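Engineer: Contents of protein_26.cif (mmCIF, C-alpha atoms) are given next:
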```cif
data_protein
loop_
_atom_site.label_atom_id
_atom_site.label_comp_id
_atom_site.auth_asym_id
_atom_site.auth_seq_id
_atom_site.Cartn_x
_atom_site.Cartn_y
_atom_site.Cartn_z
CA MET A 9 -142.61 96.15 -29.53
CA TRP A 10 -143.22 99.61 -28.10
CA THR A 11 -141.04 102.72 -28.02
CA LEU A 12 -140.68 105.29 -25.28
CA THR A 13 -138.79 108.53 -25.89
CA THR A 14 -137.14 110.40 -23.04
CA THR A 15 -135.26 113.69 -23.06
CA SER A 16 -132.73 115.32 -20.83
CA MET A 17 -130.37 118.30 -20.88
CA ALA A 18 -127.49 116.23 -22.22
CA ALA A 19 -129.02 113.80 -24.70
CA SER A 20 -132.17 111.87 -25.62
CA CYS A 21 -132.82 108.20 -26.36
CA SER A 22 -135.67 105.85 -26.95
CA LEU A 23 -136.46 102.67 -25.00
CA VAL A 24 -137.21 99.62 -27.11
CA CYS A 25 -138.87 96.71 -25.26
CA CYS A 26 -138.15 93.41 -26.95
CA ARG A 27 -140.78 90.73 -27.41
CA GLU A 28 -141.32 88.10 -24.72
CA GLU A 29 -138.09 86.15 -24.23
CA SER A 30 -137.54 82.56 -23.17
CA ASP A 31 -135.40 81.56 -20.15
CA SER A 32 -132.49 80.74 -22.42
CA ASN A 33 -132.45 84.28 -23.86
CA LYS A 34 -132.69 86.18 -20.60
CA ALA A 35 -129.85 88.46 -19.68
CA VAL A 36 -127.66 87.50 -16.77
CA ILE A 37 -126.83 89.82 -13.90
CA VAL A 38 -124.16 88.58 -11.50
CA ARG A 39 -123.40 89.79 -8.01
CA PHE A 40 -120.21 88.76 -6.22
CA SER A 41 -120.70 87.97 -2.56
CA ASN A 42 -117.19 88.87 -1.47
CA GLY A 43 -116.58 92.19 -3.26
CA ASN A 44 -116.72 94.08 -6.53
CA VAL A 45 -115.05 93.37 -9.84
CA ASN A 46 -112.65 96.05 -11.02
CA ASN A 47 -112.10 94.67 -14.49
CA ALA A 48 -114.68 92.26 -15.92
CA ASN A 49 -112.35 91.45 -18.84
CA ASN A 50 -110.21 89.38 -16.47
CA LEU A 51 -113.07 86.96 -15.87
CA ASP A 52 -114.11 84.16 -18.18
CA PHE A 53 -117.86 83.52 -17.87
CA THR A 54 -119.57 80.24 -18.77
CA MET A 55 -123.23 79.29 -18.41
CA TYR A 56 -124.52 75.73 -18.07
CA LYS A 57 -128.11 74.62 -18.39
CA ASN A 58 -129.89 71.46 -17.34
CA ALA A 59 -129.93 68.79 -20.02
CA ASP A 60 -133.45 67.62 -19.13
CA GLU A 61 -135.53 69.85 -21.41
CA ASN A 62 -138.71 67.86 -20.86
CA ASN A 63 -138.84 68.33 -17.08
CA PRO A 64 -140.65 71.65 -16.42
CA ARG A 65 -138.91 72.08 -13.07
CA LYS A 66 -135.40 71.37 -14.30
CA LYS A 67 -135.32 72.93 -17.78
CA SER A 68 -134.93 76.45 -16.36
CA ARG A 69 -132.02 75.61 -14.07
CA ARG A 70 -128.81 77.46 -14.86
CA ILE A 71 -125.28 77.53 -13.42
CA VAL A 72 -122.93 80.45 -14.09
CA VAL A 73 -119.19 80.01 -13.65
CA ALA A 74 -116.72 82.88 -13.59
CA GLU A 75 -113.06 81.87 -13.71
CA SER A 76 -110.02 84.03 -13.08
CA ASP A 77 -106.32 83.40 -12.62
CA ARG A 78 -106.68 83.44 -8.86
CA LEU A 79 -110.12 82.12 -8.01
CA SER A 80 -113.31 80.67 -9.47
CA TYR A 81 -116.87 81.76 -8.70
CA VAL A 82 -120.08 79.76 -9.08
CA GLY A 83 -123.71 80.88 -8.96
CA ASN A 84 -126.98 79.12 -9.70
CA ASN A 85 -130.69 79.91 -9.85
CA PHE A 86 -131.80 76.84 -7.88
CA GLY A 87 -131.08 75.21 -4.56
CA GLY A 88 -130.14 76.73 -1.23
CA GLY A 89 -127.54 79.13 -2.60
CA SER A 90 -129.84 80.82 -5.16
CA LEU A 91 -131.45 84.23 -4.75
CA LYS A 92 -135.11 84.04 -3.80
CA CYS A 93 -135.80 87.44 -5.38
CA ASN A 94 -135.90 85.82 -8.84
CA ASN A 95 -139.20 84.23 -7.84
CA LEU A 96 -140.69 87.39 -6.30
CA CYS A 97 -139.78 90.08 -8.88
CA LYS A 98 -139.05 90.48 -12.56
CA TYR A 99 -135.77 92.15 -13.46
CA TYR A 100 -134.86 93.92 -16.68
CA VAL A 101 -131.60 95.22 -18.05
CA GLY A 102 -131.21 97.95 -20.67
CA VAL A 103 -128.62 97.83 -23.46
CA LEU A 104 -127.91 101.25 -25.02
CA ASN A 105 -126.94 101.55 -28.69
CA LYS A 106 -124.93 104.77 -28.74
CA GLN A 107 -125.19 105.14 -32.52
CA THR A 108 -128.98 104.91 -32.71
CA MET A 109 -129.50 106.10 -29.18
CA GLN A 110 -131.97 103.27 -28.60
CA MET A 111 -131.94 101.21 -25.42
CA GLU A 112 -133.16 97.61 -25.71
CA VAL A 113 -134.82 96.29 -22.55
CA HIS A 114 -134.28 92.57 -21.88
CA SER A 115 -135.61 90.26 -19.19
CA ALA A 116 -132.87 89.33 -16.70
CA GLN A 117 -132.19 87.01 -13.77
CA LEU A 118 -129.77 87.51 -10.91
CA PHE A 119 -127.01 85.13 -9.87
CA ASN A 120 -125.16 85.32 -6.55
CA MET A 121 -121.55 84.38 -7.29
CA GLN A 122 -119.68 82.67 -4.49
CA PRO A 123 -116.00 81.77 -4.47
CA VAL A 124 -115.06 78.09 -4.77
CA ILE A 125 -111.95 77.10 -2.82
CA PRO A 126 -110.13 74.07 -4.27
CA GLY A 127 -110.39 71.03 -2.01
CA GLU A 128 -113.38 72.33 -0.06
CA GLU A 129 -116.47 70.11 -0.05
CA THR A 130 -119.41 72.26 -1.00
CA GLU A 131 -121.99 69.47 -1.17
CA THR A 132 -121.80 68.38 2.45
CA ALA A 133 -124.80 70.35 3.64
CA THR A 134 -126.82 69.33 0.59
CA ALA A 135 -125.96 65.66 1.10
CA GLN A 136 -127.03 65.93 4.73
CA ASP A 137 -130.32 67.57 3.74
CA THR A 138 -131.10 64.92 1.16
CA THR A 139 -130.39 62.09 3.61
CA GLN A 140 -132.60 63.50 6.37
CA THR A 141 -135.24 61.08 7.54
CA TYR A 142 -138.86 61.98 8.17
CA ARG A 143 -138.18 61.99 11.91
CA ASP A 144 -135.29 64.46 11.47
CA LYS A 145 -137.50 66.80 9.45
CA VAL A 146 -140.25 66.66 12.06
CA ASP A 147 -137.72 67.37 14.80
CA SER A 148 -136.46 70.42 12.88
CA LEU A 149 -140.02 71.73 12.62
CA ILE A 150 -140.58 71.17 16.33
CA GLU A 151 -137.37 73.06 17.14
CA ALA A 152 -138.50 76.02 15.01
CA PHE A 153 -142.26 76.13 15.54
CA GLY A 154 -143.18 73.59 18.23
CA THR A 155 -144.82 74.29 21.56
CA ASN A 156 -142.87 74.22 24.81
CA LYS A 157 -144.33 70.81 25.60
CA GLN A 158 -143.20 69.40 22.24
CA LYS A 159 -139.73 70.90 22.66
CA ARG A 160 -139.39 69.35 26.15
CA ALA A 161 -140.44 65.97 24.78
CA LEU A 162 -137.92 66.31 21.93
CA SER A 163 -135.14 67.22 24.37
CA SER A 164 -136.01 64.26 26.61
CA ARG A 165 -136.03 61.86 23.67
CA ARG A 166 -132.65 63.09 22.47
CA LEU A 167 -131.19 62.71 25.95
CA ASN A 168 -132.48 59.14 26.09
CA GLN A 169 -131.00 58.51 22.65
CA VAL A 170 -127.63 59.81 23.81
CA GLY A 171 -127.86 57.51 26.85
CA SER A 172 -128.73 54.59 24.60
CA ASP A 173 -125.80 55.36 22.29
CA THR A 174 -123.49 55.56 25.29
CA LEU A 175 -124.81 52.21 26.55
CA ASN A 176 -124.34 50.62 23.12
CA GLN A 177 -120.77 51.88 22.99
CA ALA A 178 -120.10 50.51 26.46
CA VAL A 179 -121.60 47.13 25.52
CA ALA A 180 -119.57 47.03 22.31
CA LYS A 181 -116.41 47.87 24.26
CA ALA A 182 -117.16 45.21 26.87
CA ALA A 183 -117.90 42.63 24.16
CA SER A 184 -114.63 43.44 22.43
CA SER A 185 -112.81 43.08 25.74
CA VAL A 186 -114.44 39.69 26.41
CA ILE A 187 -113.56 38.48 22.91
CA ASP A 188 -109.94 39.57 23.44
CA GLN A 189 -109.77 37.78 26.79
CA LYS A 190 -111.61 34.53 26.01
CA GLY A 191 -111.31 34.17 22.29
CA LEU A 192 -114.04 33.72 19.71
CA GLU A 193 -114.00 29.92 19.76
CA ALA A 194 -114.47 29.80 23.54
CA LEU A 195 -117.41 32.20 23.29
CA GLN A 196 -118.99 30.05 20.62
CA GLN A 197 -118.69 27.10 22.98
CA GLU A 198 -120.43 29.10 25.72
CA VAL A 199 -123.26 29.92 23.30
CA ALA A 200 -123.57 26.21 22.58
CA ASP A 201 -123.69 25.62 26.34
CA SER A 202 -126.57 28.05 26.74
CA GLN A 203 -128.49 26.35 23.98
CA GLY A 204 -128.11 23.04 25.78
CA ASP A 205 -128.20 20.78 22.74
CA ILE A 206 -126.53 17.62 24.07
CA ALA A 207 -127.01 15.74 20.80
CA LEU A 208 -124.29 17.87 19.22
CA HIS A 209 -121.69 16.41 21.61
CA LEU A 210 -122.45 12.69 21.35
CA PRO A 211 -119.88 10.28 19.88
CA PRO A 212 -120.61 8.91 16.39
CA PHE A 213 -123.29 6.22 16.49
CA THR A 214 -125.35 3.93 14.27
CA ALA A 215 -128.92 3.62 15.49
CA GLU A 216 -129.71 0.83 13.00
CA ALA A 217 -126.87 -1.45 14.19
CA ASP A 218 -127.67 -5.16 14.57
CA LYS A 219 -125.48 -5.57 17.68
CA ALA A 220 -125.27 -3.42 20.79
CA GLU A 221 -121.47 -3.07 20.53
CA ASN A 222 -121.84 -1.69 16.99
CA VAL A 223 -124.01 1.29 18.01
CA TYR A 224 -121.07 3.23 19.49
CA LEU A 225 -118.08 1.64 17.78
CA PHE A 226 -115.00 1.19 19.92
CA ASP A 227 -112.78 2.43 17.06
CA ASP A 228 -114.68 5.75 17.09
CA LEU A 229 -113.76 6.20 20.73
CA LEU A 230 -110.17 4.93 20.46
CA SER A 231 -108.67 4.47 17.01
CA PRO A 232 -106.44 1.43 16.43
CA VAL A 233 -103.37 3.70 16.33
CA GLU A 234 -104.31 5.34 19.62
CA PHE A 235 -105.12 1.99 21.23
CA GLU A 236 -101.70 0.69 20.18
CA ALA A 237 -100.00 3.78 21.67
CA LEU A 238 -101.54 2.99 25.08
CA GLU A 239 -99.67 -0.33 25.43
CA GLN A 240 -97.04 0.92 27.87
CA ALA A 241 -99.46 3.01 29.93
CA GLY A 242 -101.89 0.07 30.09
CA SER A 243 -99.13 -2.24 31.32
CA LYS A 244 -98.43 0.11 34.22
CA MET A 245 -102.13 0.17 35.09
CA ALA A 246 -102.31 -3.63 35.05
CA ALA A 247 -99.24 -3.87 37.29
CA LEU A 248 -100.72 -1.81 40.15
CA THR A 249 -100.81 -3.71 43.44
CA SER A 250 -103.75 -3.83 45.81
CA GLU A 251 -101.89 -1.49 48.20
CA GLU A 252 -101.45 1.07 45.41
CA LEU A 253 -105.11 0.79 44.45
CA LYS A 254 -106.14 1.32 48.08
CA LYS A 255 -103.93 4.39 48.22
CA MET A 256 -105.60 5.73 45.07
CA ARG A 257 -109.02 5.23 46.65
CA ASP A 258 -107.97 6.96 49.88
CA GLU A 259 -106.60 9.91 47.90
CA GLY A 260 -109.91 10.37 46.06
CA GLY A 261 -109.10 8.60 42.82
CA CYS A 262 -111.69 8.04 40.12
CA LEU A 263 -114.07 5.35 41.36
CA SER A 264 -115.14 4.37 37.87
CA VAL A 265 -111.53 3.52 37.02
CA LEU A 266 -110.79 1.81 40.34
CA LYS A 267 -113.85 -0.42 39.93
CA PHE A 268 -112.31 -1.98 36.80
CA LEU A 269 -108.71 -2.04 38.05
CA GLU A 270 -109.77 -3.95 41.17
CA ASN A 271 -111.56 -6.53 39.01
CA LEU A 272 -109.20 -6.94 36.07
CA PRO A 273 -109.36 -10.23 34.16
CA ALA A 274 -106.66 -12.64 35.23
CA GLU A 275 -104.71 -12.59 31.98
CA GLY A 276 -104.91 -12.38 28.24
CA GLU A 277 -106.21 -9.87 25.75
CA ALA A 278 -109.20 -8.87 27.88
CA ARG A 279 -106.92 -7.78 30.77
CA ASP A 280 -104.73 -5.73 28.43
CA LYS A 281 -107.70 -4.04 26.77
CA THR A 282 -109.38 -3.19 30.07
CA ALA A 283 -106.15 -1.71 31.47
CA ARG A 284 -105.62 0.48 28.41
CA CYS A 285 -109.22 1.67 28.46
CA ALA A 286 -108.94 2.40 32.20
CA PHE A 287 -105.92 4.63 31.61
CA TYR A 288 -107.68 6.52 28.80
CA LEU A 289 -110.82 6.86 30.94
CA SER A 290 -108.74 8.30 33.79
CA LEU A 291 -107.45 10.99 31.42
CA LEU A 292 -110.99 11.88 30.31
CA LEU A 293 -112.21 12.15 33.90
CA LYS A 294 -109.19 14.21 34.94
CA LEU A 295 -109.70 16.53 31.98
CA ALA A 296 -113.38 17.05 32.86
CA ARG A 297 -112.45 18.49 36.27
CA LEU A 298 -110.16 21.16 34.83
CA ARG A 299 -111.08 24.59 33.49
CA SER A 300 -108.01 25.11 31.36
CA ILE A 301 -105.07 22.86 30.54
CA THR A 302 -101.50 23.31 29.44
CA ARG A 303 -99.33 21.36 27.04
CA LYS A 304 -97.92 19.41 29.99
CA PHE A 305 -101.26 17.71 30.64
CA GLY A 306 -100.88 13.94 31.06
CA GLN A 307 -97.09 13.90 30.73
CA GLU A 308 -96.52 12.97 34.39
CA ASP A 309 -98.90 10.03 33.92
CA GLY A 310 -97.05 8.81 30.83
CA CYS A 311 -99.67 9.95 28.33
CA PRO A 312 -98.50 9.31 24.73
CA ARG A 313 -98.15 12.34 22.46
CA ILE A 314 -100.82 11.12 20.03
CA ILE A 315 -103.35 10.69 22.87
CA GLN A 316 -102.58 14.16 24.19
CA GLY A 317 -103.16 15.66 20.75
CA THR A 318 -106.50 13.87 20.45
CA LEU A 319 -107.64 15.15 23.84
CA PHE A 320 -106.69 18.73 23.00
CA ARG A 321 -108.30 18.59 19.58
CA THR A 322 -111.52 16.84 20.60
CA PHE A 323 -112.33 18.11 24.09
CA THR A 324 -110.93 21.65 24.36
CA ALA A 325 -111.55 25.04 22.78
CA GLU A 326 -108.72 27.46 22.07
CA SER A 327 -108.86 30.87 23.78
CA PHE A 328 -106.53 33.85 23.36
CA LYS A 329 -105.68 35.56 26.64
CA ASP A 330 -102.75 37.68 27.86
CA GLY A 331 -100.98 37.25 24.53
CA ARG A 332 -101.10 33.45 24.72
CA ILE A 333 -103.36 30.68 23.41
CA HIS A 334 -105.06 28.65 26.15
CA ASN A 335 -107.00 25.40 25.87
CA MET A 336 -110.29 25.72 27.76
CA VAL A 337 -112.68 22.98 28.89
CA SER A 338 -116.12 24.58 28.60
CA SER A 339 -119.40 23.24 29.95
CA SER A 340 -120.34 21.84 26.56
CA MET A 341 -116.98 20.07 26.40
CA LYS A 342 -117.71 18.51 29.80
CA VAL A 343 -120.93 17.12 28.35
CA LYS A 344 -118.92 15.73 25.45
CA LEU A 345 -116.45 14.16 27.89
CA ALA A 346 -119.37 12.63 29.80
CA ALA A 347 -120.82 11.11 26.61
CA PHE A 348 -117.49 9.65 25.45
CA SER A 349 -116.70 8.34 28.95
CA LEU A 350 -120.10 6.68 29.18
CA ALA A 351 -119.69 5.06 25.74
CA LEU A 352 -116.25 3.77 26.76
CA LEU A 353 -117.66 2.39 30.03
CA LEU A 354 -120.33 0.50 28.08
CA HIS A 355 -117.62 -1.34 26.13
CA MET A 356 -115.68 -2.02 29.33
CA GLY A 357 -118.70 -3.27 31.32
CA HIS A 358 -120.59 -5.47 28.84
CA MET A 359 -122.87 -2.60 27.69
CA THR A 360 -123.72 -1.48 31.25
CA ALA A 361 -122.30 1.51 33.15
CA ASP A 362 -122.70 2.95 36.65
CA LEU A 363 -124.01 6.50 36.20
CA THR A 364 -123.70 7.37 39.89
CA LEU A 365 -119.95 6.73 40.00
CA LEU A 366 -119.44 8.42 36.63
CA HIS A 367 -121.19 11.70 37.43
CA ARG A 368 -119.23 11.96 40.69
CA ASP A 369 -115.95 11.40 38.88
CA LEU A 370 -116.86 13.95 36.20
CA GLY A 371 -117.96 16.57 38.72
CA ILE A 372 -121.39 17.10 37.14
CA THR A 373 -124.87 16.66 38.59
CA GLU A 374 -126.75 13.39 38.41
CA ALA A 375 -129.57 15.07 36.47
CA ARG A 376 -127.09 16.20 33.81
CA MET A 377 -125.63 12.70 33.63
CA ILE A 378 -129.12 11.23 33.15
CA GLU A 379 -129.79 13.71 30.34
CA VAL A 380 -126.64 12.52 28.58
CA ALA A 381 -127.64 8.88 28.99
CA LYS A 382 -131.14 9.55 27.66
CA SER A 383 -129.79 11.44 24.67
CA MET A 384 -127.66 8.35 23.88
CA GLY A 385 -130.80 6.17 23.88
CA LEU A 386 -129.74 4.08 26.88
CA THR A 387 -132.04 2.15 29.20
CA LEU A 388 -131.93 3.44 32.79
CA SER A 389 -132.31 1.36 35.93
CA LYS A 390 -131.76 1.55 39.68
CA THR A 391 -129.95 -0.90 41.90
CA ALA A 392 -132.30 -2.40 44.43
CA ARG A 393 -131.57 -1.38 48.01
CA GLY A 394 -130.84 -4.94 49.15
CA LYS A 395 -128.45 -5.64 46.28
CA ALA A 396 -126.72 -2.28 46.83
CA GLU A 397 -126.02 -3.15 50.46
CA GLU A 398 -124.68 -6.54 49.45
CA ALA A 399 -122.32 -4.86 46.98
CA GLY A 400 -121.06 -2.53 49.70
CA GLN A 401 -122.83 0.52 48.32
CA PRO A 402 -124.58 2.51 51.05
CA ASP A 403 -126.81 4.39 48.57
CA GLU A 404 -128.75 3.44 45.48
CA HIS A 405 -126.87 3.58 42.20
CA ARG A 406 -128.30 4.36 38.80
CA HIS A 407 -127.17 2.29 35.84
CA ALA A 408 -127.42 2.74 32.08
CA SER A 409 -127.54 -0.16 29.64
CA LEU A 410 -127.43 -0.23 25.87
CA VAL A 411 -130.32 -2.41 24.70
CA LEU A 412 -131.56 -2.64 21.12
CA PRO A 413 -133.63 -1.00 19.90
CA LEU A 414 -132.50 2.28 21.44
CA VAL A 415 -134.96 4.06 23.69
CA LYS A 416 -136.48 7.28 22.33
CA TYR A 417 -137.30 9.61 25.20
CA ASP A 418 -139.64 12.56 25.14
CA GLN A 419 -138.30 16.05 25.60
CA PHE A 420 -136.71 15.78 29.01
CA MET A 421 -134.87 19.06 29.27
CA GLU A 422 -136.90 21.50 31.32
CA ARG A 423 -136.20 24.91 29.85
CA ARG A 424 -137.05 28.00 31.77
CA LYS A 425 -139.71 30.23 30.31
CA ARG A 426 -138.37 33.74 30.06
CA LYS A 427 -140.73 36.64 30.42
CA LYS A 428 -140.83 38.76 27.29
CA MET A 429 -139.98 42.40 27.65
CA HIS A 430 -142.43 44.73 25.90
#
```
Give the structure from the file, written as structure tokens.
Structural biologist:
Amino acid sequence: MWTLTTTSMAASCSLVCCREESDSNKAVIVRFSNGNVNNANNLDFTMYKNADENNPRKKSRRIVVAESDRLSYVGNNFGGGSLKCNNLCKYYVGVLNKQTMQMEVHSAQLFNMQPVIPGEETETATAQDTTQTYRDKVDSLIEAFGTNKQKRALSSRRLNQVGSDTLNQAVAKAASSVIDQKGLEALQQEVADSQGDIALHLPPFTAEADKAENVYLFDDLLSPVEFEALEQAGSKMAALTSEELKKMRDEGGCLSVLKFLENLPAEGEARDKTARCAFYLSLLLKLARLRSITRKFGQEDGCPRIIQGTLFRTFTAESFKDGRIHNMVSSSMKVKLAAFSLALLLHMGHMTADLTLLHRDLGITEARMIEVAKSMGLTLSKTARGKAEEAGQPDEHRHASLVLPLVKYDQFMERRKRKKMH
């Protein structure tokens, strides 16, 4: 400790410098950013220190709080709001003892007191700074100290980013609009269409069956309850006259159905079964040519309610549009209709079906029909030209037969190779 004596005309005193003080014993000098304090007795001061005494960077951190009846003030010696002069200079404060006329000199640190308004978020800027990425920090440096070339590149990149954000917003808006118009289930069906996996739409089958008719069971195509419900409709089919069948052919009726109606068994259970299956097949083929259907589908043809429910549930996808639910027949559902129709034709035609007539009735290409037949493990054949002419068929017809064991074809779907974008 050293003593310095000074004199003046009014009085004299001695300066007493205290020994080296720690950070916790330093005097505190506060400065209010928005004015001066008239009466310090109206303020209640509190100092907080960091609890981590072992961390050399944190143990000296202090927060000073001054509370009044009207407003509170906060100052700290760290962070963005602290005074940088504490690191550049050393400050001292003198405390005069009027009785001994000695002034003790203490180390001090300055705090800039700022008002805290209730409800205001003071940590927003800090949170943004702490969440800045490396790219954001580099961009800030380029803005402050970069060359003109770097600044132009930064501006161009930000403009491209704004364009990309605008495009993403437009895509998101368009996607939301499409979902609202078509419905999520219909979109999922379209995704399945694009993937082109026909195996997902085949009827249930048993590849290890000992008989051909047991591979695609008839009951899996038409349940006993549904087959019973078709009794009345099948009777009407069986009662059609040759003139009515000719009229159906002239009006562009389904050739696959007409082929069986024109050659119905004379009588008995076989005639009844064929007529019922023909009616159900006509509904499948009619459904395949539609894009969307209403609840009135099949009613004019005498379709039973249980059959209508099965068709809606198995071969359509629900779509929400214009505030209403619509039943859509997607491309994948057309493939499913083709597979079920082909399996039904196999049971009707002694495990053989005419693919040429079927693909025309379904409104799909012959190549697509062949893909379905191959995925079902069927054996394909062509009618010889001479036999086709004898049967009254001007062109060659392709046929599919179910022969055990099922045929396993190589990958037959030619998928387009898409060029990758780099």
Engineer: At a cut-off of 12 Å, using all atoms listed in the file, what residues contact Gly317 in chain A? Leave out same-chain residues fewer than 2 positions from it and give the result as a list in words.
Structural biologist: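 My list of contacting residues is Glu234, Thr302, Arg303, Lys304, Phe305, Gly306, Gln307, Cys311, Pro312, Arg313, Ile314, Ile315, Leu319, Phe320, Arg321, Thr322, Phe323, Thr324 and Asn335 of chain A.
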Engineer: Between CA of Leu293 in chain A and CA of Ser243 in chain A, what is the distance in Å, rounded to a tenth?
Structural biologist: 19.6 Å
Engineer: Pick the closest to Ala361 in chain A from A:Val265, A:Leu229, A:Leu298, A:Ala283: which is it, counting only C-alpha atoms?
Structural biologist: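 Among the listed residues, A:Val265 lies closest to Ala361 in chain A.
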Engineer: When you look at Gln240 in chain A with a cut-off of 12 Å (counting all atoms listed in the file), what residues show up, excluding the ones that are within fewer than 2 positions of it in the same chain? I need them as number ranges by chain.
Structural biologist: A: 234-238, 242-247, 280-281, 283-284, 287, 309-312
Engineer: Env of range 64-75 of chain A: 7 Å cut, atoms = only C-alpha atoms, seq-sep filter 5 positions within chain, self excluded. Answer as a ChimeraX atom specification.
Structural biologist: /A:31,51-58,80-86
Engineer: Quick one: distance from CA of Leu272 in chain A to CA of His358 in chain A in Å, one decimal?
Structural biologist: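 Pair CA of Leu272 in chain A / CA of His358 in chain A returns 13.6 Å.
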Engineer: Please report the interatomic distance between CA of Leu289 in chain A and CA of Leu370 in chain A in Å with one decimal.
Structural biologist: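 So the two atoms, CA of Leu289 in chain A and CA of Leu370 in chain A, lie 10.7 Å apart.
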Engineer: Could you tell me which residues the PyMOL selection byres ((chain A and resi 101) around 6) grabs in this file, written as a PyMOL selection string?
Structural biologist: chain A and resi 100+102+113-114
Engineer: Those same residues, written as a compact mmCIF listing (two decimals), keeping the file's coordinate frame with C-alpha atoms?
Structural biologist:
```txt
# COMPACT_ATOMS: atom_id res chain seq x y z
CA TYR A 100 -134.86 93.92 -16.68
CA GLY A 102 -131.21 97.95 -20.67
CA VAL A 113 -134.82 96.29 -22.55
CA HIS A 114 -134.28 92.57 -21.88
```
Engineer: Apply the PyMOL selection byres ((chain A and resi 219-226) around 8) to the structure shown and report the selected residues as a list in words.
Structural biologist: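 That selection, the PyMOL selection byres ((chain A and resi 219-226) around 8), comes back as Pro211, Pro212, Phe213, Thr214, Ala215, Glu216, Ala217, Asp218, Asp227, Asp228, Leu229, Leu230, Ser231, Ala351, Leu352, His355, Met359, Leu410, Val411 and Leu412 of chain A.
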Engineer: List the neighbours of Asn42 in chain A out to 10 Å using only C-alpha atoms; skip same-chain residues closer than 6 positions along the sequence, and give me the result as number ranges by chain.
Structural biologist: A: 121-123
Engineer: Just write the chosen residues, C-alpha atoms, as a compact mmCIF listing (two decimals), in the frame of the given file.
Structural biologist:
```txt
# COMPACT_ATOMS: atom_id res chain seq x y z
CA MET A 121 -121.55 84.38 -7.29
CA GLN A 122 -119.68 82.67 -4.49
CA PRO A 123 -116.00 81.77 -4.47
```
Engineer: For each of A:Ala346, A:Val36, A:Leu386, A:Leu291, take the minimum atom-to-atom distance to Glu374 in chain A, counting all atoms listed in the file, then give the residue where this is smallest.
Structural biologist: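 Result for the nearest residue to Glu374 in chain A: A:Ala346.
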Engineer: Can you take the partial range 233-237 of chain A, add all heavy atoms, and return it as a PDB file, keeping the file's coordinate frame?
Structural biologist:
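New file out30.pdb:
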```pdb
ATOM      1  N   VAL A 233    -104.699   3.104  16.094  1.00  0.00           N
ATOM      2  CA  VAL A 233    -103.370   3.700  16.330  1.00  0.00           C
ATOM      3  C   VAL A 233    -103.257   4.193  17.764  1.00  0.00           C
ATOM      4  O   VAL A 233    -102.236   3.996  18.443  1.00  0.00           O
ATOM      5  CB  VAL A 233    -103.125   4.838  15.328  1.00  0.00           C
ATOM      6  CG1 VAL A 233    -101.779   5.510  15.609  1.00  0.00           C
ATOM      7  CG2 VAL A 233    -103.160   4.308  13.897  1.00  0.00           C
ATOM      8  N   GLU A 234    -104.323   4.845  18.249  1.00  0.00           N
ATOM      9  CA  GLU A 234    -104.310   5.340  19.620  1.00  0.00           C
ATOM     10  C   GLU A 234    -104.312   4.190  20.619  1.00  0.00           C
ATOM     11  O   GLU A 234    -103.623   4.255  21.656  1.00  0.00           O
ATOM     12  CB  GLU A 234    -105.525   6.248  19.844  1.00  0.00           C
ATOM     13  CG  GLU A 234    -105.484   7.536  19.025  1.00  0.00           C
ATOM     14  CD  GLU A 234    -106.823   8.248  18.996  1.00  0.00           C
ATOM     15  OE1 GLU A 234    -107.842   7.641  19.421  1.00  0.00           O
ATOM     16  OE2 GLU A 234    -106.870   9.395  18.536  1.00  0.00           O
ATOM     17  N   PHE A 235    -105.084   3.155  20.324  1.00  0.00           N
ATOM     18  CA  PHE A 235    -105.120   1.990  21.230  1.00  0.00           C
ATOM     19  C   PHE A 235    -103.747   1.330  21.310  1.00  0.00           C
ATOM     20  O   PHE A 235    -103.311   0.897  22.387  1.00  0.00           O
ATOM     21  CB  PHE A 235    -106.166   0.995  20.736  1.00  0.00           C
ATOM     22  CG  PHE A 235    -106.342  -0.195  21.621  1.00  0.00           C
ATOM     23  CD1 PHE A 235    -107.082  -0.108  22.790  1.00  0.00           C
ATOM     24  CD2 PHE A 235    -105.760  -1.420  21.294  1.00  0.00           C
ATOM     25  CE1 PHE A 235    -107.243  -1.214  23.611  1.00  0.00           C
ATOM     26  CE2 PHE A 235    -105.921  -2.525  22.116  1.00  0.00           C
ATOM     27  CZ  PHE A 235    -106.661  -2.420  23.279  1.00  0.00           C
ATOM     28  N   GLU A 236    -103.035   1.278  20.189  1.00  0.00           N
ATOM     29  CA  GLU A 236    -101.700   0.690  20.180  1.00  0.00           C
ATOM     30  C   GLU A 236    -100.722   1.539  20.986  1.00  0.00           C
ATOM     31  O   GLU A 236     -99.819   1.013  21.658  1.00  0.00           O
ATOM     32  CB  GLU A 236    -101.216   0.564  18.724  1.00  0.00           C
ATOM     33  CG  GLU A 236     -99.943  -0.248  18.550  1.00  0.00           C
ATOM     34  CD  GLU A 236    -100.130  -1.718  18.879  1.00  0.00           C
ATOM     35  OE1 GLU A 236    -101.273  -2.212  18.729  1.00  0.00           O
ATOM     36  OE2 GLU A 236     -99.154  -2.376  19.287  1.00  0.00           O
ATOM     37  N   ALA A 237    -100.915   2.880  20.941  1.00  0.00           N
ATOM     38  CA  ALA A 237    -100.000   3.780  21.670  1.00  0.00           C
ATOM     39  C   ALA A 237    -100.166   3.662  23.179  1.00  0.00           C
ATOM     40  O   ALA A 237     -99.283   4.082  23.941  1.00  0.00           O
ATOM     41  CB  ALA A 237    -100.236   5.220  21.226  1.00  0.00           C
TER      42      ALA A 237
END
```
